[in-house]
Amino acid sequence: MIRTVQLRPVHLLAADLRWTSGSTRANSPSVSYQLGDPGRPSPEPTITIVIADDSGSVIGPAGADPVSNRYEEASRAFRAIGRRGGKHELGAVLHFDTPTSGDVPPTPLTRAGLQRLRSGLHVPHDAAGASYLGASLNAATALAKHYRNHEATLVVLSDFELFDDNVDQVLDDLADFPGDVHAIVLGGTQLDGLLDERVQITKAAHTDAPGTVARAIFTSLVAHRPGSRPI
């Protein structure tokens, strides 16, 4: 059964995706934002799976995130948890082109596991730039079912300009994921009812403030952690 994650409006400010295709991490403007208190490790086992879209409409010069800022902000969210994470709290990273060299299997959200998780937060060198969600969604669902004793959360970073042969079925499967589902819509794409109401949506438009992708992922990561206080 899907449990919709309820986010307060302050958590739905989108990430700063305003840099041009010529920007790099070295010359991108420095930004500062707070995520909040991650609280204490969850009393029950958890698994948070992040799926990233590396298609041309996202990473291209005119794409939603040409300098991969989504990965920088995802890394920031994972780091915030890793400082106080438990071995029974797992994170995983998948890409639309799965299997890829950037996929990271379920890994404890601890200081030791953080480096491995961060190794998947980039555009894989063997990514084909597919706009297909189906394969990675199937992989995420298989992980959630394998870790059936864990509270599962799926976070999808995409502009949702999908080219799956059966888009309607794929989106139905997304809503049927065995856990919480959070879609972070890069570029502020107008979905017009495309996603089921069971899917929590955060829009990240070009004009929005820095830190929202990080805050949205952070909020999903701390959903089961007592004492957590996302900003």
# chains A, B, ... in the order shown; residues from 1 in each chain; ligands from 1

call {"tool": "residues_around", "arguments": {"residues": "region 98-105 of chain A", "least_positions_apart": "5", "cutoff": "7 Å", "atoms": "only C-alpha atoms", "output": "PDB file with N, CA, C and O atoms, in the first residue's frame"}}
result
ATOM      1  N   ALA A  92      20.084   3.562  -1.940  1.00  0.00           N
ATOM      2  CA  ALA A  92      20.502   2.974  -3.213  1.00  0.00           C
ATOM      3  C   ALA A  92      20.320   4.016  -4.307  1.00  0.00           C
ATOM      4  O   ALA A  92      19.474   4.910  -4.196  1.00  0.00           O
ATOM      5  N   VAL A  93      21.127   3.902  -5.363  1.00  0.00           N
ATOM      6  CA  VAL A  93      21.050   4.828  -6.493  1.00  0.00           C
ATOM      7  C   VAL A  93      20.911   4.020  -7.780  1.00  0.00           C
ATOM      8  O   VAL A  93      21.678   3.078  -8.019  1.00  0.00           O
ATOM      9  N   LEU A 117      27.758   5.537  -1.763  1.00  0.00           N
ATOM     10  CA  LEU A 117      26.536   6.136  -2.296  1.00  0.00           C
ATOM     11  C   LEU A 117      26.857   7.336  -3.185  1.00  0.00           C
ATOM     12  O   LEU A 117      26.287   7.498  -4.263  1.00  0.00           O
ATOM     13  N   SER A 119      29.360   7.782  -4.941  1.00  0.00           N
ATOM     14  CA  SER A 119      29.983   7.358  -6.197  1.00  0.00           C
ATOM     15  C   SER A 119      28.959   7.176  -7.310  1.00  0.00           C
ATOM     16  O   SER A 119      29.316   7.152  -8.495  1.00  0.00           O
ATOM     17  N   GLY A 120      27.689   7.055  -6.942  1.00  0.00           N
ATOM     18  CA  GLY A 120      26.647   6.907  -7.949  1.00  0.00           C
ATOM     19  C   GLY A 120      25.951   8.199  -8.310  1.00  0.00           C
ATOM     20  O   GLY A 120      25.107   8.223  -9.207  1.00  0.00           O
ATOM     21  N   PRO A 124      26.605   8.522 -15.274  1.00  0.00           N
ATOM     22  CA  PRO A 124      27.516   7.405 -15.544  1.00  0.00           C
ATOM     23  C   PRO A 124      28.169   7.535 -16.916  1.00  0.00           C
ATOM     24  O   PRO A 124      27.542   7.993 -17.875  1.00  0.00           O
ATOM     25  N   ASP A 126      28.796   5.294 -18.917  1.00  0.00           N
ATOM     26  CA  ASP A 126      28.181   4.377 -19.874  1.00  0.00           C
ATOM     27  C   ASP A 126      26.677   4.616 -20.025  1.00  0.00           C
ATOM     28  O   ASP A 126      25.959   3.775 -20.556  1.00  0.00           O
ATOM     29  N   ALA A 127      26.203   5.775 -19.571  1.00  0.00           N
ATOM     30  CA  ALA A 127      24.786   6.099 -19.732  1.00  0.00           C
ATOM     31  C   ALA A 127      24.487   6.422 -21.187  1.00  0.00           C
ATOM     32  O   ALA A 127      25.253   7.122 -21.849  1.00  0.00           O
ATOM     33  N   ALA A 135      12.707   0.479 -16.905  1.00  0.00           N
ATOM     34  CA  ALA A 135      13.729  -0.467 -16.445  1.00  0.00           C
ATOM     35  C   ALA A 135      14.195  -0.151 -15.028  1.00  0.00           C
ATOM     36  O   ALA A 135      14.319  -1.047 -14.183  1.00  0.00           O
ATOM     37  N   SER A 136      14.457   1.125 -14.757  1.00  0.00           N
ATOM     38  CA  SER A 136      14.926   1.495 -13.422  1.00  0.00           C
ATOM     39  C   SER A 136      13.818   1.337 -12.386  1.00  0.00           C
ATOM     40  O   SER A 136      14.079   0.970 -11.235  1.00  0.00           O
TER      41      SER A 136
END

call {"tool": "closest_atom_pairs", "arguments": {"of": "region 92-195 of chain A", "to": "region 212-228 of chain A", "cutoff": "12 Å", "atoms": "only C-alpha atoms", "output": "tab-separated table"}}
result
residue	atom	partner	partner_atom	distance
A:Ala92	CA	A:Leu221	CA	11.5
A:Leu109	CA	A:Leu221	CA	9.6
A:His150	CA	A:His224	CA	10.9
A:Glu151	CA	A:His224	CA	8.3
A:Ala152	CA	A:Ser220	CA	10.1
A:Thr153	CA	A:Ser220	CA	7.1
A:Leu154	CA	A:Ser220	CA	8.5
A:Val155	CA	A:Ile217	CA	7.2
A:Val156	CA	A:Ile217	CA	9.6
A:Leu157	CA	A:Val213	CA	8.7
A:Ser158	CA	A:Val213	CA	11.2
A:Gly179	CA	A:Ser220	CA	11.4
A:Asp180	CA	A:Ser220	CA	8.6
A:Val181	CA	A:Ser220	CA	9.0
A:His182	CA	A:Ser220	CA	7.7
A:Ala183	CA	A:Ala216	CA	9.4
A:Ile184	CA	A:Val213	CA	7.2
A:Val185	CA	A:Val213	CA	9.4
A:Leu186	CA	A:Val213	CA	8.9
A:Gly187	CA	A:Val213	CA	11.5

call {"tool": "select_by_dssp", "arguments": {"residues": "chain A", "states": "strand (DSSP E or B)", "output": "PyMOL selection string"}}
result
chain A and resi 36-37+46-52+89-95+104-108+151-158+180-186+200-204+229-230

call {"tool": "closest_residue", "arguments": {"among": "A:Gly113, A:Pro178, A:Gly36, A:Gly129", "to": "Thr141 (chain A)", "atoms": "only C-alpha atoms"}}
result
A:Pro178

call {"tool": "atom_distance", "arguments": {"atom1": "CA of Ser131 (chain A)", "atom2": "CA of Ser55 (chain A)"}}
result
5.4 Å

call {"tool": "residues_around", "arguments": {"residues": "Pro108 (chain A)", "least_positions_apart": "4", "cutoff": "6 Å", "atoms": "only C-alpha atoms", "output": "PDB file with C-alpha atoms, in the first residue's frame"}}
result
ATOM      1  CA  LYS A  87      23.349   0.345   9.546  1.00  0.00           C
ATOM      2  CA  GLU A  89      18.946   2.459   7.157  1.00  0.00           C
ATOM      3  CA  LEU A  90      19.830   1.817   3.522  1.00  0.00           C
ATOM      4  CA  GLY A 113      28.632   3.841   3.349  1.00  0.00           C
TER       5      GLY A 113
END

call {"tool": "residues_around", "arguments": {"residues": "Asp54 (chain A)", "least_positions_apart": "3", "cutoff": "7 Å", "atoms": "only C-alpha atoms", "output": "list in words"}}
result
Val58, Ile59, Phe96, Val123 and Gly129 of chain A

call {"tool": "write_last_selection", "arguments": {"atoms": "C-alpha atoms", "output": "PDB file, in the first residue's frame"}}
result
ATOM      1  CA  VAL A  58      17.801  16.950 -18.472  1.00  0.00           C
ATOM      2  CA  ILE A  59      21.560  17.124 -19.046  1.00  0.00           C
ATOM      3  CA  PHE A  96      17.329   5.465 -16.173  1.00  0.00           C
ATOM      4  CA  VAL A 123      26.080  10.900 -14.898  1.00  0.00           C
ATOM      5  CA  GLY A 129      20.771   9.097 -22.198  1.00  0.00           C
TER       6      GLY A 129
END

call {"tool": "select_by_dssp", "arguments": {"residues": "region 66-226 of chain A", "states": "alpha helix (DSSP H)", "output": "PyMOL selection string"}}
result
chain A and resi 69-82+111-118+134-146+167-175+212-221

call {"tool": "write_last_selection", "arguments": {"atoms": "C-alpha atoms", "output": "PDB file, in the first residue's frame"}}
result
ATOM      1  CA  ASN A  69      23.180  20.207  -9.752  1.00  0.00           C
ATOM      2  CA  ARG A  70      20.629  17.543  -8.785  1.00  0.00           C
ATOM      3  CA  TYR A  71      23.511  15.250  -7.935  1.00  0.00           C
ATOM      4  CA  GLU A  72      25.250  17.885  -5.823  1.00  0.00           C
ATOM      5  CA  GLU A  73      22.064  18.445  -3.842  1.00  0.00           C
ATOM      6  CA  ALA A  74      21.346  14.723  -3.514  1.00  0.00           C
ATOM      7  CA  SER A  75      24.853  14.263  -2.147  1.00  0.00           C
ATOM      8  CA  ARG A  76      24.216  17.042   0.362  1.00  0.00           C
ATOM      9  CA  ALA A  77      21.067  15.271   1.580  1.00  0.00           C
ATOM     10  CA  PHE A  78      22.823  11.919   1.939  1.00  0.00           C
ATOM     11  CA  ARG A  79      25.721  13.530   3.819  1.00  0.00           C
ATOM     12  CA  ALA A  80      23.321  15.062   6.324  1.00  0.00           C
ATOM     13  CA  ILE A  81      21.938  11.610   7.143  1.00  0.00           C
ATOM     14  CA  GLY A  82      25.265   9.798   6.980  1.00  0.00           C
ATOM     15  CA  ARG A 111      29.814   7.533   7.284  1.00  0.00           C
ATOM     16  CA  ALA A 112      31.403   4.386   5.894  1.00  0.00           C
ATOM     17  CA  GLY A 113      28.632   3.841   3.349  1.00  0.00           C
ATOM     18  CA  LEU A 114      28.404   7.463   2.295  1.00  0.00           C
ATOM     19  CA  GLN A 115      31.369   7.359  -0.073  1.00  0.00           C
ATOM     20  CA  ARG A 116      29.905   4.427  -1.954  1.00  0.00           C
ATOM     21  CA  LEU A 117      26.536   6.136  -2.296  1.00  0.00           C
ATOM     22  CA  ARG A 118      28.143   9.340  -3.522  1.00  0.00           C
ATOM     23  CA  GLY A 134      10.476   1.473 -16.892  1.00  0.00           C
ATOM     24  CA  ALA A 135      13.729  -0.467 -16.445  1.00  0.00           C
ATOM     25  CA  SER A 136      14.926   1.495 -13.422  1.00  0.00           C
ATOM     26  CA  LEU A 137      11.458   1.400 -11.861  1.00  0.00           C
ATOM     27  CA  ASN A 138      11.388  -2.384 -12.241  1.00  0.00           C
ATOM     28  CA  ALA A 139      14.817  -2.572 -10.605  1.00  0.00           C
ATOM     29  CA  ALA A 140      13.690  -0.329  -7.731  1.00  0.00           C
ATOM     30  CA  THR A 141      10.541  -2.380  -7.200  1.00  0.00           C
ATOM     31  CA  ALA A 142      12.604  -5.568  -7.120  1.00  0.00           C
ATOM     32  CA  LEU A 143      14.865  -4.028  -4.465  1.00  0.00           C
ATOM     33  CA  ALA A 144      11.891  -2.973  -2.341  1.00  0.00           C
ATOM     34  CA  LYS A 145      10.411  -6.459  -2.550  1.00  0.00           C
ATOM     35  CA  HIS A 146      13.755  -8.063  -1.722  1.00  0.00           C
ATOM     36  CA  VAL A 167       4.045   5.339 -20.485  1.00  0.00           C
ATOM     37  CA  ASP A 168       0.613   4.995 -18.884  1.00  0.00           C
ATOM     38  CA  GLN A 169       1.458   1.534 -17.563  1.00  0.00           C
ATOM     39  CA  VAL A 170       4.855   2.683 -16.302  1.00  0.00           C
ATOM     40  CA  LEU A 171       3.250   5.547 -14.386  1.00  0.00           C
ATOM     41  CA  ASP A 172       0.643   3.174 -12.957  1.00  0.00           C
ATOM     42  CA  ASP A 173       3.506   0.952 -11.818  1.00  0.00           C
ATOM     43  CA  LEU A 174       5.176   3.989 -10.256  1.00  0.00           C
ATOM     44  CA  ALA A 175       2.077   4.680  -8.168  1.00  0.00           C
ATOM     45  CA  THR A 212      14.958  22.346  -2.848  1.00  0.00           C
ATOM     46  CA  VAL A 213      16.124  19.122  -4.446  1.00  0.00           C
ATOM     47  CA  ALA A 214      18.313  18.607  -1.381  1.00  0.00           C
ATOM     48  CA  ARG A 215      15.455  19.465   0.990  1.00  0.00           C
ATOM     49  CA  ALA A 216      13.009  17.211  -0.832  1.00  0.00           C
ATOM     50  CA  ILE A 217      15.380  14.235  -0.758  1.00  0.00           C
ATOM     51  CA  PHE A 218      16.316  14.998   2.847  1.00  0.00           C
ATOM     52  CA  THR A 219      12.640  15.035   3.841  1.00  0.00           C
ATOM     53  CA  SER A 220      12.145  11.613   2.263  1.00  0.00           C
ATOM     54  CA  LEU A 221      15.278  10.284   3.954  1.00  0.00           C
TER      55      LEU A 221
END
